[in-house]
>>> print(open('structure-v4.cif').read())   # mmCIF, C-alpha atoms
data_run
#
loop_
_atom_site.group_PDB
_atom_site.id
_atom_site.type_symbol
_atom_site.label_atom_id
_atom_site.label_comp_id
_atom_site.auth_asym_id
_atom_site.auth_seq_id
_atom_site.Cartn_x
_atom_site.Cartn_y
_atom_site.Cartn_z
ATOM 1 C CA ARG A 1 106.950 74.097 60.739
ATOM 2 C CA GLY A 2 104.874 71.013 61.495
ATOM 3 C CA THR A 3 102.438 73.145 63.488
ATOM 4 C CA VAL A 4 102.046 75.579 60.593
ATOM 5 C CA ARG A 5 101.332 72.727 58.168
ATOM 6 C CA LEU A 6 98.694 71.370 60.502
ATOM 7 C CA LEU A 7 97.054 74.794 60.786
ATOM 8 C CA ARG A 8 97.081 75.120 56.992
ATOM 9 C CA LEU A 9 95.398 71.713 56.644
ATOM 10 C CA LEU A 10 92.624 72.659 59.056
ATOM 11 C CA ILE A 11 92.023 75.988 57.309
ATOM 12 C CA GLU A 12 92.199 74.842 53.683
ATOM 13 C CA GLU A 13 90.614 71.391 53.943
ATOM 14 C CA TYR A 14 88.090 71.895 56.716
ATOM 15 C CA GLY A 15 87.385 75.614 56.572
ATOM 16 C CA ALA A 16 88.378 76.033 60.209
ATOM 17 C CA THR A 17 89.121 79.273 62.000
ATOM 18 C CA ILE A 18 92.106 78.948 64.307
ATOM 19 C CA LEU A 19 92.231 80.738 67.651
ATOM 20 C CA LEU A 20 95.712 80.689 69.219
ATOM 21 C CA MET A 21 95.732 81.258 72.979
ATOM 22 C CA THR A 22 98.317 80.812 75.714
ATOM 23 C CA ALA A 23 98.343 81.045 79.499
ATOM 24 C CA THR A 24 102.112 81.197 79.976
ATOM 25 C CA GLN A 25 103.141 83.264 76.955
ATOM 26 C CA PRO A 26 105.345 80.773 75.060
ATOM 27 C CA ARG A 27 106.398 81.780 71.568
ATOM 28 C CA LEU A 28 103.582 81.161 69.129
ATOM 29 C CA PRO A 29 104.437 79.671 65.702
ATOM 30 C CA GLU A 30 105.442 82.080 62.957
ATOM 31 C CA LEU A 31 102.824 81.763 60.233
ATOM 32 C CA ASP A 32 103.440 81.943 56.498
ATOM 33 C CA GLU A 33 102.585 85.157 54.711
ATOM 34 C CA ASP A 34 99.373 83.732 53.240
ATOM 35 C CA LEU A 35 98.184 82.632 56.690
ATOM 36 C CA ALA A 36 97.422 86.108 57.929
ATOM 37 C CA ALA A 37 96.890 86.492 61.677
ATOM 38 C CA THR A 38 94.419 88.959 63.145
ATOM 39 C CA GLU A 39 94.915 90.261 66.679
ATOM 40 C CA LEU A 40 91.659 90.095 68.629
ATOM 41 C CA VAL A 41 92.789 92.912 70.943
ATOM 42 C CA SER A 42 94.648 95.871 69.516
ATOM 43 C CA ASN A 43 96.221 96.981 72.797
ATOM 44 C CA PRO A 44 96.423 93.985 75.184
ATOM 45 C CA SER A 45 98.794 95.712 77.631
ATOM 46 C CA GLU A 46 96.027 98.142 78.590
ATOM 47 C CA TYR A 47 93.726 95.321 79.678
ATOM 48 C CA LEU A 48 96.500 93.355 81.363
ATOM 49 C CA SER A 49 97.441 96.364 83.511
ATOM 50 C CA ARG A 50 93.846 96.647 84.714
ATOM 51 C CA ALA A 51 93.776 92.971 85.659
ATOM 52 C CA GLU A 52 97.071 93.009 87.579
ATOM 53 C CA ARG A 53 96.576 91.074 90.794
ATOM 54 C CA VAL A 54 100.041 89.846 91.807
ATOM 55 C CA GLN A 55 103.452 91.384 92.385
ATOM 56 C CA TYR A 56 106.706 89.534 91.802
ATOM 57 C CA LYS A 57 109.598 89.929 94.228
ATOM 58 C CA LEU A 58 113.030 88.382 93.829
ATOM 59 C CA ALA A 59 114.751 87.091 96.941
ATOM 60 C CA PRO A 60 118.325 88.354 97.500
ATOM 61 C CA SER A 61 119.636 84.818 96.924
ATOM 62 C CA VAL A 62 118.062 84.797 93.448
ATOM 63 C CA THR A 63 119.614 88.146 92.595
ATOM 64 C CA ALA A 64 122.993 86.894 93.809
ATOM 65 C CA TYR A 65 122.632 83.748 91.685
ATOM 66 C CA ALA A 66 121.861 85.885 88.628
ATOM 67 C CA ASN A 67 125.074 87.774 89.315
ATOM 68 C CA GLY A 68 127.104 84.580 89.259
ATOM 69 C CA GLN A 69 127.185 83.748 92.970
ATOM 70 C CA ASP A 70 126.341 80.163 93.850
ATOM 71 C CA ASN A 71 124.781 80.624 97.279
ATOM 72 C CA PRO A 72 121.243 79.208 97.272
ATOM 73 C CA LEU A 73 119.048 79.668 100.308
ATOM 74 C CA ASP A 74 119.284 76.617 102.563
ATOM 75 C CA HIS A 75 116.118 74.976 103.847
ATOM 76 C CA SER A 76 116.734 75.975 107.448
ATOM 77 C CA THR A 77 116.944 79.664 106.563
ATOM 78 C CA ALA A 78 113.999 79.376 104.193
ATOM 79 C CA GLY A 79 111.929 77.688 106.894
ATOM 80 C CA ASP A 80 112.818 80.416 109.369
ATOM 81 C CA GLN A 81 111.845 83.168 106.922
ATOM 82 C CA LEU A 82 108.588 81.437 106.005
ATOM 83 C CA LEU A 83 107.675 80.922 109.629
ATOM 84 C CA GLU A 84 108.362 84.573 110.401
ATOM 85 C CA TYR A 85 106.191 85.635 107.467
ATOM 86 C CA VAL A 86 103.197 83.354 108.032
ATOM 87 C CA THR A 87 102.938 84.209 111.724
ATOM 88 C CA THR A 88 102.392 87.921 111.113
ATOM 89 C CA ASP A 89 98.956 89.380 111.790
ATOM 90 C CA GLU A 90 97.918 90.005 108.186
ATOM 91 C CA VAL A 91 98.880 86.653 106.651
ATOM 92 C CA THR A 92 96.382 83.813 106.207
ATOM 93 C CA SER A 93 97.409 81.355 103.494
ATOM 94 C CA THR A 94 100.843 80.815 101.944
ATOM 95 C CA LEU A 95 101.881 78.371 99.228
ATOM 96 C CA THR A 96 105.473 77.217 98.757
ATOM 97 C CA VAL A 97 106.393 75.408 95.530
ATOM 98 C CA CYS A 98 109.606 73.367 95.532
ATOM 99 C CA ASN A 99 111.330 71.886 92.502
ATOM 100 C CA THR A 100 111.753 68.370 93.920
ATOM 101 C CA VAL A 101 110.023 66.012 96.318
ATOM 102 C CA ARG A 102 113.141 65.916 98.471
ATOM 103 C CA SER A 103 113.269 69.693 98.688
ATOM 104 C CA ALA A 104 109.617 69.866 99.720
ATOM 105 C CA ARG A 105 110.212 67.296 102.452
ATOM 106 C CA GLU A 106 113.259 69.139 103.757
ATOM 107 C CA LEU A 107 111.429 72.467 103.783
ATOM 108 C CA ARG A 108 108.522 70.935 105.704
ATOM 109 C CA SER A 109 110.947 69.496 108.259
ATOM 110 C CA ALA A 110 112.744 72.847 108.509
ATOM 111 C CA ILE A 111 109.474 74.694 109.212
ATOM 112 C CA ILE A 112 108.574 72.209 111.945
ATOM 113 C CA SER A 113 112.060 72.502 113.447
ATOM 114 C CA GLN A 114 112.052 76.303 113.363
ATOM 115 C CA ALA A 115 108.551 76.358 114.870
ATOM 116 C CA SER A 116 109.769 74.248 117.766
ATOM 117 C CA ASN A 117 112.678 76.641 118.365
ATOM 118 C CA ALA A 118 110.299 79.606 118.299
ATOM 119 C CA ASP A 119 107.738 77.940 120.593
ATOM 120 C CA THR A 120 105.174 77.981 117.790
ATOM 121 C CA THR A 121 102.607 75.182 117.786
ATOM 122 C CA ILE A 122 102.066 73.463 114.438
ATOM 123 C CA THR A 123 99.167 71.271 113.389
ATOM 124 C CA ASP A 124 100.249 68.997 110.544
ATOM 125 C CA ILE A 125 97.169 68.048 108.514
ATOM 126 C CA GLY A 126 99.047 65.092 107.069
ATOM 127 C CA CYS A 127 99.470 63.623 110.563
ATOM 128 C CA LEU A 128 95.766 64.174 111.253
ATOM 129 C CA LEU A 129 94.885 62.315 108.049
ATOM 130 C CA GLU A 130 97.194 59.462 108.994
ATOM 131 C CA SER A 131 95.409 59.174 112.344
ATOM 132 C CA ILE A 132 92.056 59.004 110.571
ATOM 133 C CA TRP A 133 93.221 56.084 108.437
ATOM 134 C CA GLU A 134 94.600 54.300 111.495
ATOM 135 C CA GLU A 135 91.308 54.654 113.347
ATOM 136 C CA SER A 136 89.056 53.759 110.410
ATOM 137 C CA ASP A 137 88.509 50.957 107.952
ATOM 138 C CA ALA A 138 89.865 52.262 104.653
ATOM 139 C CA HIS A 139 87.306 50.200 102.735
ATOM 140 C CA GLU A 140 84.388 51.818 104.565
ATOM 141 C CA LEU A 141 85.570 55.443 104.463
ATOM 142 C CA SER A 142 84.955 57.313 101.205
ATOM 143 C CA THR A 143 87.134 60.153 99.952
ATOM 144 C CA SER A 144 84.480 62.763 100.738
ATOM 145 C CA ASP A 145 83.873 61.311 104.216
ATOM 146 C CA ALA A 146 87.594 61.298 104.963
ATOM 147 C CA ALA A 147 87.926 64.913 103.776
ATOM 148 C CA ALA A 148 84.957 65.977 105.914
ATOM 149 C CA ARG A 149 86.370 64.215 108.954
ATOM 150 C CA LEU A 150 89.816 65.715 108.413
ATOM 151 C CA LEU A 151 88.341 69.200 108.111
ATOM 152 C CA LYS A 152 86.324 68.646 111.292
ATOM 153 C CA ASP A 153 89.444 67.514 113.174
ATOM 154 C CA ILE A 154 91.289 70.609 111.959
ATOM 155 C CA GLN A 155 88.462 72.899 113.071
ATOM 156 C CA THR A 156 88.402 71.230 116.484
ATOM 157 C CA THR A 157 92.154 71.657 116.869
ATOM 158 C CA VAL A 158 92.004 75.316 115.848
ATOM 159 C CA LYS A 159 89.176 75.942 118.317
ATOM 160 C CA GLU A 160 91.155 74.366 121.144
ATOM 161 C CA HIS A 161 94.492 75.890 120.110
ATOM 162 C CA SER A 162 93.779 79.184 118.351
ATOM 163 C CA GLU A 163 97.487 80.041 118.029
ATOM 164 C CA THR A 164 98.415 76.891 116.134
ATOM 165 C CA LEU A 165 99.835 77.169 112.626
ATOM 166 C CA LEU A 166 98.304 74.793 110.089
ATOM 167 C CA LEU A 167 100.853 73.011 107.896
ATOM 168 C CA GLY A 168 100.094 70.999 104.765
ATOM 169 C CA HIS A 169 102.467 68.932 102.645
ATOM 170 C CA LEU A 170 101.812 67.322 99.257
ATOM 171 C CA THR A 171 103.984 65.756 96.567
ATOM 172 C CA ALA A 172 103.601 63.178 93.806
ATOM 173 C CA ARG A 173 104.705 60.534 96.321
ATOM 174 C CA HIS A 174 101.360 60.797 98.132
ATOM 175 C CA ARG A 175 98.727 58.202 97.275
ATOM 176 C CA PRO A 176 96.089 59.467 94.815
ATOM 177 C CA ILE A 177 93.343 59.111 97.441
ATOM 178 C CA ASP A 178 95.348 61.110 100.010
ATOM 179 C CA ARG A 179 96.172 63.707 97.362
ATOM 180 C CA ARG A 180 92.473 64.210 96.582
ATOM 181 C CA ILE A 181 91.546 64.486 100.252
ATOM 182 C CA ILE A 182 94.334 66.949 101.032
ATOM 183 C CA LEU A 183 93.498 69.154 98.037
ATOM 184 C CA ASP A 184 89.809 69.230 99.002
ATOM 185 C CA VAL A 185 90.677 70.255 102.554
ATOM 186 C CA VAL A 186 93.292 72.776 101.420
ATOM 187 C CA ASP A 187 90.659 74.426 99.226
ATOM 188 C CA GLU A 188 88.626 75.055 102.388
ATOM 189 C CA LEU A 189 91.613 76.215 104.433
ATOM 190 C CA THR A 190 92.687 78.848 101.891
ATOM 191 C CA THR A 191 89.364 80.659 102.379
ATOM 192 C CA SER A 192 89.573 80.653 106.175
ATOM 193 C CA GLU A 193 91.241 83.345 108.238
ATOM 194 C CA HIS A 194 93.515 80.961 110.115
ATOM 195 C CA PRO A 195 97.253 80.981 109.233
ATOM 196 C CA PHE A 196 98.076 78.129 106.891
ATOM 197 C CA VAL A 197 101.197 77.189 104.926
ATOM 198 C CA PHE A 198 101.151 74.558 102.178
ATOM 199 C CA VAL A 199 104.454 72.980 101.091
ATOM 200 C CA THR A 200 104.275 71.202 97.757
ATOM 201 C CA THR A 201 105.871 70.711 94.328
ATOM 202 C CA GLN A 202 104.986 71.659 90.748
ATOM 203 C CA LEU A 203 101.932 69.403 90.839
ATOM 204 C CA VAL A 204 99.815 72.395 91.972
ATOM 205 C CA GLU A 205 100.901 74.584 89.063
ATOM 206 C CA ALA A 206 98.384 73.121 86.607
ATOM 207 C CA GLY A 207 94.943 71.594 86.879
ATOM 208 C CA VAL A 208 94.387 72.615 90.505
ATOM 209 C CA ASP A 209 91.953 75.396 91.372
ATOM 210 C CA LEU A 210 93.493 76.854 94.527
ATOM 211 C CA SER A 211 94.144 80.430 95.587
ATOM 212 C CA PHE A 212 96.591 81.600 98.253
ATOM 213 C CA GLN A 213 97.301 85.024 99.661
ATOM 214 C CA SER A 214 100.996 84.662 98.829
ATOM 215 C CA VAL A 215 103.220 82.197 96.969
ATOM 216 C CA TYR A 216 106.906 81.329 97.375
ATOM 217 C CA ARG A 217 108.572 79.518 94.490
ATOM 218 C CA ASP A 218 111.946 77.865 93.952
ATOM 219 C CA LEU A 219 114.073 79.299 91.171
ATOM 220 C CA ALA A 220 112.556 78.053 87.906
ATOM 221 C CA PRO A 221 111.924 79.000 84.264
ATOM 222 C CA LEU A 222 109.638 81.983 83.728
ATOM 223 C CA GLU A 223 106.784 79.752 82.536
ATOM 224 C CA SER A 224 106.768 77.870 85.843
ATOM 225 C CA ILE A 225 106.915 81.093 87.839
ATOM 226 C CA ILE A 226 103.902 82.426 85.952
ATOM 227 C CA GLN A 227 102.061 79.156 86.563
ATOM 228 C CA ALA A 228 102.792 79.404 90.278
ATOM 229 C CA ALA A 229 101.573 83.003 90.302
ATOM 230 C CA GLY A 230 98.299 81.654 88.942
ATOM 231 C CA ARG A 231 97.708 80.153 92.387
ATOM 232 C CA CYS A 232 97.910 83.562 94.061
ATOM 233 C CA ASN A 233 94.976 85.920 94.584
ATOM 234 C CA ARG A 234 92.797 84.240 91.946
#
>>> encode(input="structure-v4.cif", output="structure tokens")
Amino acid sequence: RGTVRLLRLLIEEYGATILLMTATQPRLPELDEDLAATELVSNPSEYLSRAERVQYKLAPSVTAYANGQDNPLDHSTAGDQLLEYVTTDEVTSTLTVCNTVRSARELRSAIISQASNADTTITDIGCLLESIWEESDAHELSTSDAAARLLKDIQTTVKEHSETLLLGHLTARHRPIDRRIILDVVDELTTSEHPFVFVTTQLVEAGVDLSFQSVYRDLAPLESIIQAAGRCNR
């Protein structure tokens, strides 16, 4: 009711016109009878169907959980399935969104472990960035210079090892400067044709302009799933 009172104040005292919009479809406030709402689009479903760009698929473990079975997918199995998917011929970029920092770390480790078992070479962009900081004076290297150097190192590695799988990892535990560099480089990698998997947390669900060919997401509320889908096929 507080929201409705605020809307009434803006309309009656300031002559404002209120436009209510939402990206994740939460329930909008129920207005009083004298605050009539006018739909801007009479048949929104028609336009939404034309703009459909993603498809949602539930993993068997999610379906089992919905049916009362407590058997979540372990990180080892998830890493194996991700590795199998991202190494197919038609896949370029894949985003995985985990619910916790710990889960993201474990999934990254599982992917590296499964890659080793499958004789798949992985290039960890986080390790490349760490090497750059070790070789350079942090006070003399700007964020843009570090990002450019990291991207150059990645391109050199891909040229020398064309079969390598690029792996990125980002959580809120990363330093702000590293986070900015990684996101800048990831933005470039998602538009390349080289296989790339990015393991992260909910921090990419809002305020980050990235687009991946496919997205995997931990079980979460519908709003979070829709936010994650916003990073797919933008």
>>> closest_residue(input="structure-v4.cif", among="A:Asp178, A:Glu140, A:Gly79, A:Asn99", to="A:Ala118", atoms="only C-alpha atoms")
A:Gly79
>>> atom_distance(input="structure-v4.cif", atom1="atom CA of A:Thr171", atom2="atom CA of A:Ala64")
28.6 Å
>>> atom_distance(input="structure-v4.cif", atom1="atom CA of A:Val158", atom2="atom CA of A:Asp124")
11.7 Å
>>> residues_around(input="structure-v4.cif", residues="A:Ala228", least_positions_apart="5", cutoff="12 Å", atoms="all atoms listed in the file", output="PyMOL selection string")
chain A and resi 23-24+54+56+94-99+200-212+214-223+233-234
>>> closest_residue(input="structure-v4.cif", among="A:Arg108, A:Arg173, A:Arg179, A:His161", to="A:Thr143", atoms="only C-alpha atoms")
A:Arg179
>>> resolve_selection(input="structure-v4.cif", expression="the PyMOL selection byres ((chain A and resi 120) around 10)", output="list in words")
Leu83, Thr87, Ile112, Ser113, Gln114, Ala115, Ser116, Asn117, Ala118, Asp119, Thr121, Ile122, Glu163, Thr164 and Leu165 of chain A
>>> atom_distance(input="structure-v4.cif", atom1="atom CA of A:Thr88", atom2="atom CA of A:His194")
11.3 Å
>>> residues_around(input="structure-v4.cif", residues="A:Thr156", least_positions_apart="6", cutoff="12 Å", atoms="only C-alpha atoms", output="mmCIF file with C-alpha atoms, in the coordinates of the input")
data_model
loop_
_atom_site.group_PDB
_atom_site.id
_atom_site.type_symbol
_atom_site.label_atom_id
_atom_site.label_comp_id
_atom_site.auth_asym_id
_atom_site.auth_seq_id
_atom_site.Cartn_x
_atom_site.Cartn_y
_atom_site.Cartn_z
ATOM 1 C CA THR A 123 99.167 71.271 113.389
ATOM 2 C CA LEU A 128 95.766 64.174 111.253
ATOM 3 C CA ARG A 149 86.370 64.215 108.954
ATOM 4 C CA LEU A 150 89.816 65.715 108.413
ATOM 5 C CA SER A 162 93.779 79.184 118.351
ATOM 6 C CA THR A 164 98.415 76.891 116.134
#
>>> resolve_selection(input="structure-v4.cif", expression="the PyMOL selection byres ((chain A and resi 192) around 12)", output="ChimeraX atom specification")
/A:91-93,151,154-155,158,166,185-191,193-196,211-213
>>> residues_around(input="structure-v4.cif", residues="stretch 34-36 of chain A", least_positions_apart="5", cutoff="9 Å", atoms="all atoms listed in the file", output="VMD selection string")
chain A and resid 4 7 to 8
>>> write_last_selection(input="structure-v4.cif", atoms="C-alpha atoms", output="tab-separated table (two decimals), keeping the file's coordinate frame")
chain	number	residue	atom	x	y	z
A	4	VAL	CA	102.05	75.58	60.59
A	7	LEU	CA	97.05	74.79	60.79
A	8	ARG	CA	97.08	75.12	56.99
>>> axis_aligned_box(input="structure-v4.cif", around="stretch 162-167 of chain A", padding_each_side="6 Å", output="lines of an AutoDock Vina configuration file")
center_x = 97.3
center_y = 76.5
center_z = 113.1
size_x = 19.1
size_y = 19.0
size_z = 22.5
>>> closest_residue(input="structure-v4.cif", among="A:Glu106, A:Glu46, A:Asp184, A:Glu90", to="A:Asp145", atoms="only C-alpha atoms")
A:Asp184
>>> residues_around(input="structure-v4.cif", residues="A:His174", least_positions_apart="5", cutoff="12 Å", atoms="all atoms listed in the file", output="number ranges by chain")
A: 101, 105, 126, 129-130, 169, 179-183, 200-201, 203
